[in-house]
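File shown: upload-v6.txt (compact mmCIF, C-alpha atoms).
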```txt
# COMPACT_ATOMS: atom_id res chain seq x y z
CA MET A 5 -51.14 30.83 -23.28
CA LYS A 6 -51.82 34.54 -23.27
CA ILE A 7 -55.26 36.03 -23.85
CA SER A 8 -56.33 39.41 -25.16
CA VAL A 9 -59.51 41.00 -26.41
CA THR A 10 -59.79 43.44 -29.30
CA ARG A 11 -62.52 45.94 -30.09
CA ARG A 12 -62.87 47.87 -33.35
CA TYR A 13 -64.05 51.49 -33.56
CA ARG A 14 -64.42 53.93 -36.43
CA PHE A 15 -63.87 57.63 -36.99
CA ALA A 16 -63.74 59.82 -40.08
CA ALA A 17 -61.34 62.74 -40.13
CA SER A 18 -59.36 65.02 -42.41
CA HIS A 19 -55.68 65.82 -42.32
CA ARG A 20 -52.77 67.22 -44.29
CA LEU A 21 -49.23 65.87 -44.20
CA HIS A 22 -46.84 68.81 -44.09
CA SER A 23 -43.67 69.20 -42.05
CA PRO A 24 -42.44 72.68 -41.10
CA GLY A 25 -38.93 71.18 -41.06
CA LEU A 26 -39.02 70.64 -44.84
CA SER A 27 -39.13 73.08 -47.76
CA GLU A 28 -42.29 73.34 -49.91
CA GLU A 29 -40.56 71.27 -52.57
CA GLU A 30 -39.37 68.64 -50.08
CA ASN A 31 -42.87 68.44 -48.56
CA ARG A 32 -44.36 67.78 -51.98
CA ARG A 33 -41.73 65.11 -52.63
CA ALA A 34 -42.11 63.43 -49.23
CA TYR A 35 -45.89 63.48 -48.97
CA GLY A 36 -47.13 63.65 -52.56
CA LYS A 37 -50.92 64.03 -52.80
CA CYS A 38 -51.16 64.05 -49.00
CA ASN A 39 -49.46 67.47 -49.00
CA ASN A 40 -52.46 69.16 -50.69
CA PRO A 41 -52.93 72.35 -48.60
CA HIS A 42 -56.71 71.95 -48.57
CA GLY A 43 -56.42 68.60 -46.78
CA HIS A 44 -58.19 65.31 -47.44
CA GLY A 45 -59.82 62.65 -45.27
CA HIS A 46 -60.18 58.97 -44.40
CA ASN A 47 -62.55 56.55 -42.74
CA TYR A 48 -60.19 55.35 -40.04
CA VAL A 49 -60.69 52.03 -38.27
CA LEU A 50 -59.19 51.77 -34.79
CA GLU A 51 -58.45 48.42 -33.13
CA VAL A 52 -57.86 48.53 -29.38
CA THR A 53 -56.36 45.38 -27.80
CA VAL A 54 -56.30 44.93 -24.03
CA THR A 55 -54.91 42.11 -21.97
CA GLY A 56 -54.97 40.95 -18.36
CA PRO A 57 -56.59 38.26 -16.23
CA VAL A 58 -60.09 37.09 -17.16
CA ASP A 59 -62.36 38.08 -14.25
CA ALA A 60 -64.03 34.86 -13.06
CA ALA A 61 -67.21 36.72 -12.11
CA THR A 62 -67.74 38.27 -15.54
CA GLY A 63 -65.69 36.03 -17.87
CA MET A 64 -64.13 39.21 -19.25
CA ILE A 65 -60.72 40.91 -19.44
CA ALA A 66 -62.49 44.25 -19.74
CA ASN A 67 -66.19 45.00 -19.69
CA LEU A 68 -67.19 46.68 -22.96
CA GLY A 69 -69.58 48.72 -20.86
CA GLU A 70 -66.45 50.43 -19.51
CA LEU A 71 -64.10 50.20 -22.52
CA ASP A 72 -66.53 51.57 -25.13
CA PRO A 73 -67.38 54.81 -23.32
CA PHE A 74 -63.69 55.34 -22.41
CA VAL A 75 -62.54 55.02 -26.05
CA GLU A 76 -65.52 57.08 -27.19
CA ARG A 77 -64.60 59.90 -24.78
CA GLU A 78 -60.82 59.82 -25.26
CA VAL A 79 -60.56 59.21 -29.02
CA VAL A 80 -63.72 58.81 -31.10
CA GLU A 81 -65.52 61.94 -29.92
CA PRO A 82 -62.45 64.23 -30.20
CA PHE A 83 -61.25 62.74 -33.54
CA ASP A 84 -64.47 62.01 -35.45
CA HIS A 85 -65.40 64.54 -38.15
CA LYS A 86 -62.48 66.77 -37.22
CA TYR A 87 -59.48 68.31 -39.00
CA LEU A 88 -56.72 66.53 -37.10
CA ASN A 89 -54.01 69.14 -37.82
CA GLU A 90 -55.97 71.91 -36.11
CA GLU A 91 -58.42 70.27 -33.75
CA ILE A 92 -56.16 67.75 -32.00
CA PRO A 93 -53.69 69.94 -30.09
CA GLU A 94 -50.87 67.35 -30.29
CA PHE A 95 -50.88 67.57 -34.10
CA ARG A 96 -50.07 71.25 -34.08
CA ALA A 97 -46.54 70.10 -33.20
CA SER A 98 -46.34 66.80 -35.10
CA VAL A 99 -47.46 65.59 -38.53
CA PRO A 100 -50.73 63.56 -38.34
CA THR A 101 -49.39 60.54 -40.17
CA THR A 102 -51.07 57.30 -39.15
CA GLU A 103 -47.84 56.40 -37.31
CA ASN A 104 -48.26 59.48 -35.12
CA ILE A 105 -52.03 58.94 -34.83
CA CYS A 106 -51.34 55.42 -33.48
CA ARG A 107 -48.92 56.79 -30.89
CA GLU A 108 -51.25 59.60 -29.82
CA ILE A 109 -54.18 57.18 -29.43
CA TYR A 110 -51.94 54.80 -27.43
CA LEU A 111 -50.98 57.61 -25.05
CA ARG A 112 -54.63 58.54 -24.56
CA LEU A 113 -55.86 54.97 -24.01
CA ARG A 114 -53.08 53.60 -21.82
CA LYS A 115 -54.79 55.34 -18.90
CA PHE A 116 -57.67 52.81 -19.17
CA PRO A 117 -57.94 51.65 -15.57
CA ALA A 118 -59.62 48.23 -15.95
CA ALA A 119 -57.11 46.34 -18.16
CA GLN A 120 -53.67 46.69 -19.69
CA LEU A 121 -53.46 48.29 -23.13
CA GLU A 122 -51.52 45.92 -25.37
CA ARG A 123 -51.79 47.28 -28.89
CA ILE A 124 -53.25 50.04 -31.03
CA ARG A 125 -53.82 49.30 -34.69
CA VAL A 126 -55.17 51.91 -37.09
CA GLU A 127 -56.35 51.28 -40.63
CA GLU A 128 -56.07 54.50 -42.60
CA THR A 129 -57.68 52.77 -45.59
CA SER A 130 -58.45 49.12 -46.24
CA LYS A 131 -54.95 48.91 -47.76
CA ASN A 132 -52.81 50.61 -45.08
CA SER A 133 -52.61 49.73 -41.41
CA PHE A 134 -50.25 50.71 -38.60
CA GLU A 135 -49.62 49.26 -35.15
CA PHE A 136 -48.10 50.62 -31.96
CA CYS A 137 -47.50 48.57 -28.80
CA GLY A 138 -45.73 51.18 -26.67
CA MET B 6 -41.13 29.33 -39.32
CA ILE B 7 -44.40 29.44 -41.26
CA ARG B 8 -47.87 30.16 -39.87
CA VAL B 9 -50.90 28.50 -41.45
CA THR B 10 -54.41 29.77 -40.63
CA ARG B 11 -57.70 27.99 -41.20
CA LYS B 12 -61.09 29.58 -40.60
CA VAL B 13 -64.37 27.99 -39.46
CA GLU B 14 -67.72 29.48 -38.56
CA PHE B 15 -70.46 28.48 -36.18
CA SER B 16 -73.70 30.09 -35.07
CA ALA B 17 -74.82 29.81 -31.47
CA ALA B 18 -76.97 31.34 -28.75
CA HIS B 19 -75.83 32.58 -25.36
CA PHE B 20 -76.50 35.05 -22.57
CA TYR B 21 -74.45 36.35 -19.66
CA HIS B 22 -75.61 35.71 -16.12
CA ASN B 23 -73.67 35.19 -12.91
CA PRO B 24 -75.82 33.42 -10.26
CA ASP B 25 -73.63 34.94 -7.51
CA LEU B 26 -74.81 38.44 -8.46
CA SER B 27 -78.24 39.94 -7.83
CA PRO B 28 -80.58 40.44 -10.83
CA GLU B 29 -79.88 44.16 -10.55
CA GLU B 30 -76.08 43.63 -10.57
CA ASN B 31 -76.37 41.20 -13.50
CA ARG B 32 -78.24 43.82 -15.51
CA ARG B 33 -75.71 46.51 -14.61
CA VAL B 34 -72.62 44.38 -15.42
CA PHE B 35 -73.87 42.55 -18.52
CA GLY B 36 -76.42 45.00 -19.98
CA LYS B 37 -78.29 43.65 -23.01
CA CYS B 38 -76.28 40.41 -22.85
CA ASN B 39 -78.14 39.53 -19.62
CA ASN B 40 -81.48 38.95 -21.44
CA PRO B 41 -82.50 35.52 -20.06
CA HIS B 42 -84.06 34.54 -23.38
CA GLY B 43 -80.59 34.63 -24.91
CA HIS B 44 -79.38 36.04 -28.21
CA GLY B 45 -76.95 34.77 -30.81
CA HIS B 46 -73.95 35.40 -33.02
CA ASN B 47 -72.27 34.12 -36.13
CA TYR B 48 -68.91 33.28 -34.62
CA VAL B 49 -65.78 33.07 -36.76
CA VAL B 50 -62.73 31.17 -35.52
CA GLU B 51 -59.27 31.54 -37.04
CA VAL B 52 -56.86 28.82 -35.96
CA THR B 53 -53.17 29.39 -36.64
CA ILE B 54 -50.58 26.59 -36.63
CA ALA B 55 -46.86 27.42 -36.67
CA GLY B 56 -44.08 25.17 -37.87
CA GLU B 57 -41.58 24.29 -40.56
CA PRO B 58 -42.84 22.87 -43.86
CA ASP B 59 -42.16 19.14 -44.31
CA PRO B 60 -39.38 18.89 -46.94
CA VAL B 61 -41.29 16.19 -48.87
CA THR B 62 -44.83 17.60 -48.86
CA GLY B 63 -43.98 21.29 -48.52
CA MET B 64 -46.72 21.55 -45.88
CA VAL B 65 -46.60 22.43 -42.16
CA LEU B 66 -49.56 20.11 -41.69
CA ASP B 67 -52.28 18.54 -43.80
CA LEU B 68 -55.10 21.12 -43.95
CA LYS B 69 -57.62 18.33 -44.57
CA GLU B 70 -56.69 16.89 -41.19
CA LEU B 71 -56.95 20.29 -39.54
CA LYS B 72 -60.34 20.84 -41.19
CA GLY B 73 -61.53 17.55 -39.68
CA ILE B 74 -60.22 18.48 -36.21
CA LEU B 75 -61.94 21.89 -36.33
CA GLN B 76 -65.17 20.24 -37.44
CA THR B 77 -65.09 17.72 -34.55
CA GLU B 78 -63.81 19.97 -31.78
CA ILE B 79 -65.55 23.24 -32.63
CA VAL B 80 -68.38 23.01 -35.16
CA ASP B 81 -69.91 19.71 -33.99
CA ARG B 82 -69.87 20.89 -30.36
CA MET B 83 -71.00 24.49 -30.80
CA ASP B 84 -72.84 25.07 -34.09
CA HIS B 85 -76.54 25.82 -33.63
CA ARG B 86 -76.24 25.18 -29.89
CA HIS B 87 -77.03 27.22 -26.81
CA LEU B 88 -73.58 27.77 -25.28
CA ASN B 89 -74.94 28.16 -21.72
CA TYR B 90 -76.68 24.77 -21.74
CA GLU B 91 -75.26 22.48 -24.41
CA VAL B 92 -71.47 22.76 -24.28
CA PRO B 93 -70.18 20.93 -21.17
CA GLU B 94 -66.74 22.58 -21.42
CA LEU B 95 -68.42 25.96 -20.79
CA ALA B 96 -70.53 24.75 -17.85
CA GLY B 97 -70.27 27.15 -14.93
CA LYS B 98 -68.50 29.77 -17.07
CA ILE B 99 -69.91 32.92 -18.61
CA PRO B 100 -69.74 32.24 -22.38
CA THR B 101 -67.81 35.40 -23.27
CA CYS B 102 -65.43 35.67 -26.20
CA GLU B 103 -62.53 35.23 -23.76
CA ASN B 104 -63.95 32.03 -22.23
CA ILE B 105 -65.06 30.46 -25.53
CA ALA B 106 -61.63 31.16 -27.09
CA THR B 107 -59.93 29.59 -24.06
CA VAL B 108 -62.11 26.45 -24.29
CA ILE B 109 -61.34 26.15 -28.01
CA TRP B 110 -57.61 26.55 -27.29
CA GLN B 111 -57.78 23.78 -24.65
CA LEU B 112 -59.73 21.46 -26.97
CA LEU B 113 -57.33 21.96 -29.89
CA LEU B 114 -54.03 21.87 -28.00
CA PRO B 115 -53.85 18.04 -27.59
CA ARG B 116 -55.14 17.49 -31.14
CA ILE B 117 -52.39 19.41 -32.95
CA THR B 118 -49.51 16.99 -33.46
CA LYS B 119 -47.84 18.54 -36.52
CA GLY B 120 -46.63 22.09 -36.00
CA ARG B 121 -47.81 23.82 -32.85
CA LEU B 122 -50.93 25.74 -31.97
CA ASP B 123 -49.92 29.39 -32.27
CA ARG B 124 -53.16 31.35 -32.01
CA VAL B 125 -56.91 30.96 -31.68
CA ARG B 126 -58.82 34.10 -32.70
CA LEU B 127 -62.54 34.05 -31.99
CA TYR B 128 -64.73 36.76 -33.54
CA GLU B 129 -68.10 37.29 -31.90
CA SER B 130 -68.77 40.02 -34.47
CA PRO B 131 -66.51 41.83 -36.95
CA ASP B 132 -65.87 44.43 -34.23
CA LEU B 133 -65.04 42.17 -31.27
CA PHE B 134 -62.60 39.29 -30.99
CA ALA B 135 -60.45 37.46 -28.44
CA ASP B 136 -56.99 36.02 -29.12
CA CYS B 137 -55.36 33.12 -27.30
CA THR B 138 -51.69 33.13 -28.24
CA ALA B 139 -48.83 30.70 -27.47
CA ASP B 140 -46.60 32.06 -24.71
CA SER B 141 -43.45 32.13 -26.77
CA ALA B 142 -42.86 32.11 -30.50
CA ASN B 143 -40.06 29.57 -30.05
CA GLY B 144 -41.22 27.55 -27.05
CA ARG B 145 -43.84 24.82 -26.90
CA ALA B 146 -47.41 25.99 -26.43
CA ARG B 147 -48.72 25.48 -22.94
CA ALA B 148 -52.31 25.11 -21.79
```

Target encoding structure tokens, full file:
Amino acid sequence: MKISVTRRYRFAASHRLHSPGLSEEENRRAYGKCNNPHGHGHNYVLEVTVTGPVDAATGMIANLGELDPFVEREVVEPFDHKYLNEEIPEFRASVPTTENICREIYLRLRKFPAAQLERIRVEETSKNSFEFCG
Amino acid sequence: MIRVTRKVEFSAAHFYHNPDLSPEENRRVFGKCNNPHGHGHNYVVEVTIAGEPDPVTGMVLDLKELKGILQTEIVDRMDHRHLNYEVPELAGKIPTCENIATVIWQLLLPRITKGRLDRVRLYESPDLFADCTADSANGRARA
């Protein structure tokens, strides 16, 4: 049996889906409404799953007293109420689709020292969710 | 293979305290959860059974039977109880999400005879849950 623990966080952000590798027409076809040059936004929900041995002294895989401030500092504070295309440097070079947001968040959170990052799951809306496990 | 999930809820009190740590260390490690008067949660448990549907009944297992098992093993033991004092399986353990999920997994494992126990997900709140998952999707679950 394998055990993991998952914590949910929230951030609200705007973005625009537009690829410099496509023509204006192709961008409109590929991204539809999401290509609107003025941008739009979502209430994102982020699920962070970590795994590892349960510490006998604390009964925990990871103490939320350590995980919460780490995720807050690495993801929630830089992403919340921001325009992802401009204010997250990595999205100047890649399109801030939720696929790419998952991967970027994974890269930021895999440095968490107290447990092993197993999975990042992002809900863009209550109808769309994306997962990345590295 | 099909996965079938059944949900149950229970409400219980707990607090976190390790007698091997000083009061100061307990407060630092466990924060608000160290309040000796305890606090409580509405826990939600999702139990997932994996298997092939029986060709006659079309079911992996009888959900009425599973409902009865979850009532006996989880709700009757834990609902409206203080997890630090009233659940012998948690004696000597800090009643965290991880430890409660593990106890539930161990209680259910011998009771599931049709299909196999695939996952126990225990929500302490909508924003925090622990998963116990079978080691291999194809192998037998192990304790």

Distance limit 9 Å, atoms considered: only C-alpha atoms. Which chain A residues sit that close to chain B? Return them as JSON, numbers by chain.
{"A": [5, 6, 7, 8, 9, 10, 11, 12, 13, 51, 53, 58, 60, 61, 62, 63, 64, 65, 67, 69]}

Writer output for current selection, C-alpha atoms, as a PDB file, in the coordinates of the input:
```pdb
ATOM      1  CA  MET A   5     -51.140  30.830 -23.280  1.00  0.00           C
ATOM      2  CA  LYS A   6     -51.820  34.540 -23.270  1.00  0.00           C
ATOM      3  CA  ILE A   7     -55.260  36.030 -23.850  1.00  0.00           C
ATOM      4  CA  SER A   8     -56.330  39.410 -25.160  1.00  0.00           C
ATOM      5  CA  VAL A   9     -59.510  41.000 -26.410  1.00  0.00           C
ATOM      6  CA  THR A  10     -59.790  43.440 -29.300  1.00  0.00           C
ATOM      7  CA  ARG A  11     -62.520  45.940 -30.090  1.00  0.00           C
ATOM      8  CA  ARG A  12     -62.870  47.870 -33.350  1.00  0.00           C
ATOM      9  CA  TYR A  13     -64.050  51.490 -33.560  1.00  0.00           C
ATOM     10  CA  GLU A  51     -58.450  48.420 -33.130  1.00  0.00           C
ATOM     11  CA  THR A  53     -56.360  45.380 -27.800  1.00  0.00           C
ATOM     12  CA  VAL A  58     -60.090  37.090 -17.160  1.00  0.00           C
ATOM     13  CA  ALA A  60     -64.030  34.860 -13.060  1.00  0.00           C
ATOM     14  CA  ALA A  61     -67.210  36.720 -12.110  1.00  0.00           C
ATOM     15  CA  THR A  62     -67.740  38.270 -15.540  1.00  0.00           C
ATOM     16  CA  GLY A  63     -65.690  36.030 -17.870  1.00  0.00           C
ATOM     17  CA  MET A  64     -64.130  39.210 -19.250  1.00  0.00           C
ATOM     18  CA  ILE A  65     -60.720  40.910 -19.440  1.00  0.00           C
ATOM     19  CA  ASN A  67     -66.190  45.000 -19.690  1.00  0.00           C
ATOM     20  CA  GLY A  69     -69.580  48.720 -20.860  1.00  0.00           C
TER      21      GLY A  69
END
```

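Residue nearest A:His44 within the list A:Ile124, A:Leu26, A:Val80, A:Leu88: A:Leu88 [criterion: smallest interatomic distance, all atoms listed in the file].
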
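Compared by their closest atoms to B:Met83, and using all atoms listed in the file, the residues B:Val50, B:Thr10, B:Arg116, B:Pro58 rank with B:Val50 nearest.
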
Point-to-point distance in Å for atom CA of A:Tyr110 and atom CA of A:Gly138
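Distance reported for this atom pair: 7.2 Å.
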
Quick one: residues within 7 Å of A:Tyr87, all atoms listed in the file counted, chain neighbours fewer than 3 positions away excluded, as an MDAnalysis selection string?
chainID A and resid 17:19 90:91

Export of prior selection with C-alpha atoms as an mmCIF file, in the coordinates of the input:
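Contents of result.cif, freshly written:
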```cif
data_model
loop_
_atom_site.group_PDB
_atom_site.id
_atom_site.type_symbol
_atom_site.label_atom_id
_atom_site.label_comp_id
_atom_site.auth_asym_id
_atom_site.auth_seq_id
_atom_site.Cartn_x
_atom_site.Cartn_y
_atom_site.Cartn_z
ATOM 1 C CA ALA A 17 -61.340 62.740 -40.130
ATOM 2 C CA SER A 18 -59.360 65.020 -42.410
ATOM 3 C CA HIS A 19 -55.680 65.820 -42.320
ATOM 4 C CA GLU A 90 -55.970 71.910 -36.110
ATOM 5 C CA GLU A 91 -58.420 70.270 -33.750
#
```

Write out as a list in words each polymer residue whose atoms come within 9 Å of A:Thr101, counting only C-alpha atoms; drop sequence neighbours fewer than 5 positions from it.
His19, Arg20, Leu21 and Cys106 of chain A

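Interatomic distance, atom CA of A:Val49 to atom CA of A:Phe136: 14.2 Å.
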
May I have the protein, DNA and RNA residues with any atom at most 9 Å from the point (-54.8, 51.9, -25.8), counting all atoms listed in the file, written as a PDB file with C-alpha atoms, keeping the file's coordinate frame?
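Wrote it out as part_13.pdb, contents follow:
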```pdb
ATOM      1  CA  GLU A  51     -58.450  48.420 -33.130  1.00  0.00           C
ATOM      2  CA  VAL A  52     -57.860  48.530 -29.380  1.00  0.00           C
ATOM      3  CA  THR A  53     -56.360  45.380 -27.800  1.00  0.00           C
ATOM      4  CA  VAL A  54     -56.300  44.930 -24.030  1.00  0.00           C
ATOM      5  CA  VAL A  75     -62.540  55.020 -26.050  1.00  0.00           C
ATOM      6  CA  ILE A 109     -54.180  57.180 -29.430  1.00  0.00           C
ATOM      7  CA  TYR A 110     -51.940  54.800 -27.430  1.00  0.00           C
ATOM      8  CA  LEU A 111     -50.980  57.610 -25.050  1.00  0.00           C
ATOM      9  CA  ARG A 112     -54.630  58.540 -24.560  1.00  0.00           C
ATOM     10  CA  LEU A 113     -55.860  54.970 -24.010  1.00  0.00           C
ATOM     11  CA  ARG A 114     -53.080  53.600 -21.820  1.00  0.00           C
ATOM     12  CA  LYS A 115     -54.790  55.340 -18.900  1.00  0.00           C
ATOM     13  CA  PHE A 116     -57.670  52.810 -19.170  1.00  0.00           C
ATOM     14  CA  GLN A 120     -53.670  46.690 -19.690  1.00  0.00           C
ATOM     15  CA  LEU A 121     -53.460  48.290 -23.130  1.00  0.00           C
ATOM     16  CA  GLU A 122     -51.520  45.920 -25.370  1.00  0.00           C
ATOM     17  CA  ARG A 123     -51.790  47.280 -28.890  1.00  0.00           C
ATOM     18  CA  ILE A 124     -53.250  50.040 -31.030  1.00  0.00           C
ATOM     19  CA  CYS A 137     -47.500  48.570 -28.800  1.00  0.00           C
TER      20      CYS A 137
END
```

Å distance separating atom CA of A:Asp84 from atom CA of A:Phe134, one decimal place:
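Here the two named atoms are 18.4 Å from each other.
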
What lies within 10 Å of stretch 127-129 of chain A using all atoms listed in the file, ignoring chain neighbours under 4 positions off, as a ChimeraX atom specification?
/A:14,16,45-51,101-103,105-106,133-135

Restricted to C-alpha atoms, what would the selected residues look like written as an mmCIF file, in the coordinates of the input?
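Saved as selection.cif:
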```cif
data_model
loop_
_atom_site.group_PDB
_atom_site.id
_atom_site.type_symbol
_atom_site.label_atom_id
_atom_site.label_comp_id
_atom_site.auth_asym_id
_atom_site.auth_seq_id
_atom_site.Cartn_x
_atom_site.Cartn_y
_atom_site.Cartn_z
ATOM 1 C CA ARG A 14 -64.420 53.930 -36.430
ATOM 2 C CA ALA A 16 -63.740 59.820 -40.080
ATOM 3 C CA GLY A 45 -59.820 62.650 -45.270
ATOM 4 C CA HIS A 46 -60.180 58.970 -44.400
ATOM 5 C CA ASN A 47 -62.550 56.550 -42.740
ATOM 6 C CA TYR A 48 -60.190 55.350 -40.040
ATOM 7 C CA VAL A 49 -60.690 52.030 -38.270
ATOM 8 C CA LEU A 50 -59.190 51.770 -34.790
ATOM 9 C CA GLU A 51 -58.450 48.420 -33.130
ATOM 10 C CA THR A 101 -49.390 60.540 -40.170
ATOM 11 C CA THR A 102 -51.070 57.300 -39.150
ATOM 12 C CA GLU A 103 -47.840 56.400 -37.310
ATOM 13 C CA ILE A 105 -52.030 58.940 -34.830
ATOM 14 C CA CYS A 106 -51.340 55.420 -33.480
ATOM 15 C CA SER A 133 -52.610 49.730 -41.410
ATOM 16 C CA PHE A 134 -50.250 50.710 -38.600
ATOM 17 C CA GLU A 135 -49.620 49.260 -35.150
#
```

Hey, what's within 12 Å of B:His42 if we count only C-alpha atoms and toss same-chain stuff fewer than 3 positions away? As a list in words, please?
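Neighbouring residues, sequence-local ones excluded: Ala18, His19, Phe20, Tyr21, His22, Lys37, Cys38, Asn39, Gly45, His87 and Asn89 of chain B.
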